[in-house]
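**Q** If you scroll down you'll find the structure; I have some questions about it.
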Amino acid sequence: GESVGLHLPTLSVQEGDNSIINCAYSNSASDYFIWYKQESGKGPQFIIDIRSNMDKRQGQRVTVLLNKTVKHLSLQIAATQPGDSAVYFCAENNGNEKLTFGTGTRLTIIP
Amino acid sequence: EPEVTQTPSHQVTQMGQEVILRCVPISNHLYFYWYRQILGQKVEFLVSFYNNEISEKSEIFDDQFSVERPDGSNFTLKIRSTKLEDSAMYFCASIAGRTEAFFGQGTRLTVV
């Protein structure tokens with residue numbers, strides 16, 4: 001079946017340090033992946049995406065890595081700030097225009 | 001910056017009553033979605049809508065749910081007879097194509 005899961009439900013990181021949030025997916029047909037950030041009481045906010053023909057993509061302070069061999073996705077946030085505290089979801093799309101979300105990881109930045 | 005807007009932000013309703021949640025997607029987008037998030041849980045797919053019809057729906061989206069795009073701009077989710085377990089955040093989203101989905105701020109539905 002189609003599922004997207006996360007290795008860790010919570011993660012605490014010291015402000016200024018780098019954080020890595022991991023995600024495993026099971027649908028090998030998925031070819032488009034997105035990381036979303038969700039702050040309390042708000043809707044998911046797009047962070048970065050990656051297509052299956054790439055293994056790395058960088059944005060501002062964020063990097064997404066895709067390992068199709070082991071069906072693993074990660075989000076790296078550099079030099080974390082208090083505003084990075086949120087729940088982070090990975091989501092996958094396998095061509096049917098539907099996004100399937102993972103469970104979510106709560107990232108807490110410790111001042 | 002274009003955004004998806006949802007109304008109301010919070011809806012309280014009695015069990016068994018009908019509710020309509022409203023969304024205005026981004027104007028040039030083609031695909032529209034409703035998702036649900038029960039407190040503290042993941043975002044769950046309910047239904048996708050394309051070319052004025054449902055393209056896919058989940059097991060959650062039973063006969064009590066329906067969607068409409070009545071006037072070419074609004075996109076609504078109706079729950080005919082609400083149950084306690086329908087209490088959740090409901091998010092509308094839209095996409096232009098094979099790109100990221102843009103989400104609204106959500107409607108918190110509380111069924112009492």
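By order in the structure tokens, chains are A, B, ...; within a chain, residues start at 1; ligands start at 1, following the order shown.
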Could you produce a table of the residues of range 25-86 of chain A lying within 12 Å of range 84-97 of chain B, with the nearest pair of atoms per residue and their separation in Å rounded to one decimal, using only C-alpha atoms, ordered by chain and increasing residue number, as a Markdown table?
**A**
```
| residue | atom | partner | partner_atom | distance |
| --- | --- | --- | --- | --- |
| A:Tyr32 | CA | B:Gly97 | CA | 11.9 |
| A:Gln38 | CA | B:Phe91 | CA | 12.0 |
| A:Ser40 | CA | B:Met89 | CA | 11.5 |
| A:Gly41 | CA | B:Met89 | CA | 8.8 |
| A:Lys42 | CA | B:Phe91 | CA | 9.4 |
| A:Gly43 | CA | B:Phe91 | CA | 6.8 |
| A:Pro44 | CA | B:Phe91 | CA | 8.8 |
| A:Gln45 | CA | B:Ala93 | CA | 10.8 |
| A:Phe46 | CA | B:Ala93 | CA | 11.5 |
```
**Q** Please return, as a ChimeraX atom specification, all residues of chain B lying within 8 Å of chain A when only C-alpha atoms are considered.
**A** /B:31,41-45,48,91,97-98,100-106
**Q** Could the residues in this selection be saved with N, CA, C and O atoms as a tab-separated table (two decimals), in the first residue's frame?
**A**
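This is the output file result_4.tsv:
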```
chain	number	residue	atom	x	y	z
B	31	TYR	N	-6.46	22.09	-10.06
B	31	TYR	CA	-6.78	20.95	-9.19
B	31	TYR	C	-7.07	21.48	-7.80
B	31	TYR	O	-6.35	22.33	-7.29
B	41	GLN	N	-2.55	14.92	14.66
B	41	GLN	CA	-2.29	13.83	13.73
B	41	GLN	C	-1.87	14.37	12.36
B	41	GLN	O	-1.72	15.57	12.17
B	42	LYS	N	-1.68	13.46	11.45
B	42	LYS	CA	-1.18	13.89	10.15
B	42	LYS	C	-2.31	14.43	9.27
B	42	LYS	O	-3.48	14.27	9.57
B	43	VAL	N	-1.91	15.06	8.19
B	43	VAL	CA	-2.86	15.62	7.24
B	43	VAL	C	-3.35	14.48	6.34
B	43	VAL	O	-2.55	13.80	5.71
B	44	GLU	N	-4.67	14.29	6.30
B	44	GLU	CA	-5.25	13.17	5.55
B	44	GLU	C	-6.01	13.65	4.32
B	44	GLU	O	-6.83	14.57	4.41
B	45	PHE	N	-5.79	13.01	3.22
B	45	PHE	CA	-6.46	13.33	1.99
B	45	PHE	C	-7.94	12.95	2.07
B	45	PHE	O	-8.30	11.87	2.53
B	48	SER	N	-10.07	14.96	-4.27
B	48	SER	CA	-9.50	15.86	-5.26
B	48	SER	C	-10.56	16.13	-6.33
B	48	SER	O	-11.43	15.30	-6.59
B	91	PHE	N	-8.53	21.49	5.58
B	91	PHE	CA	-7.71	22.36	4.73
B	91	PHE	C	-8.10	22.19	3.27
B	91	PHE	O	-8.27	21.07	2.78
B	97	GLY	N	-0.59	22.38	-11.45
B	97	GLY	CA	-0.24	21.18	-12.21
B	97	GLY	C	0.64	20.30	-11.35
B	97	GLY	O	0.38	20.17	-10.16
B	98	ARG	N	1.71	19.75	-11.91
B	98	ARG	CA	2.58	18.90	-11.12
B	98	ARG	C	3.56	19.77	-10.33
B	98	ARG	O	4.77	19.76	-10.52
B	100	GLU	N	3.83	22.14	-6.29
B	100	GLU	CA	3.40	22.05	-4.90
B	100	GLU	C	1.96	22.51	-4.74
B	100	GLU	O	1.46	23.34	-5.49
B	101	ALA	N	1.28	21.93	-3.75
B	101	ALA	CA	-0.07	22.35	-3.40
B	101	ALA	C	0.02	23.53	-2.45
B	101	ALA	O	0.84	23.54	-1.53
B	102	PHE	N	-0.82	24.52	-2.67
B	102	PHE	CA	-0.92	25.67	-1.79
B	102	PHE	C	-2.12	25.45	-0.88
B	102	PHE	O	-3.23	25.18	-1.36
B	103	PHE	N	-1.89	25.58	0.40
B	103	PHE	CA	-2.94	25.30	1.37
B	103	PHE	C	-3.50	26.60	1.96
B	103	PHE	O	-2.78	27.59	2.13
B	104	GLY	N	-4.78	26.54	2.28
B	104	GLY	CA	-5.38	27.61	3.04
B	104	GLY	C	-5.05	27.47	4.51
B	104	GLY	O	-4.37	26.52	4.92
B	105	GLN	N	-5.53	28.41	5.31
B	105	GLN	CA	-5.24	28.42	6.74
B	105	GLN	C	-6.12	27.45	7.51
B	105	GLN	O	-5.90	27.22	8.69
B	106	GLY	N	-7.11	26.90	6.85
B	106	GLY	CA	-7.92	25.87	7.48
B	106	GLY	C	-9.18	26.38	8.15
B	106	GLY	O	-9.27	27.56	8.53
```
**Q** Near range 55-71 of chain B, counting only C-alpha atoms, which residues have an atom at most 12 Å away, once you skip same-chain residues fewer than 3 positions from it, shown as a PyMOL selection string?
**A** (chain A and resi 96-100) or (chain B and resi 16-25+30-37+44-52+74-83+85-86+92)
**Q** Could you check how far CA of Thr99 in chain B sits from CA of Glu92 in chain A, in Å to one decimal?
**A** 11.2 Å
**Q** Could you work out how far CA of Glu15 in chain A lies from CA of Leu73 in chain A, giving the answer in Å with one decimal?
**A**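 CA of Leu73 in chain A sits 23.2 Å away from CA of Glu15 in chain A.
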**Q** Do a neighbour search on range 74-84 of chain A at 7 Å with only C-alpha atoms, toss out local chain neighbours closer than 2 positions, and write the hits as a list in words.
**A**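 What passes the distance filter is Glu15, Gly16, Asp17, Asn18, Ser19, Ile20, Ile21, Asn22, Cys23, Arg61, Val62, Thr63, Val64, Leu65, Leu66, His72, Ala86 and Ile109 of chain A.
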**Q** Between CA of Val112 in chain B and CA of Thr7 in chain B, what is the spacing in Å?
**A**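 Separation of CA of Thr7 in chain B and CA of Val112 in chain B: 19.5 Å.
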**Q** Considering only C-alpha atoms, return as a PyMOL selection string whatever protein or nucleic-acid residues lie within 6 Å of Val12 in chain B, sequence-local ones (same chain, fewer than 5 positions apart) excluded.
**A** chain B and resi 109-111
**Q** Enumerate as a PyMOL selection string all residues of chain B assigned to strand (DSSP E or B) by DSSP on the backbone, naming them with the chain letters and numbers the document uses.
**A** chain B and resi 5-7+10-13+19-24+31-37+44-50+53-57+65-68+75-79+88-95+102-103+107-111
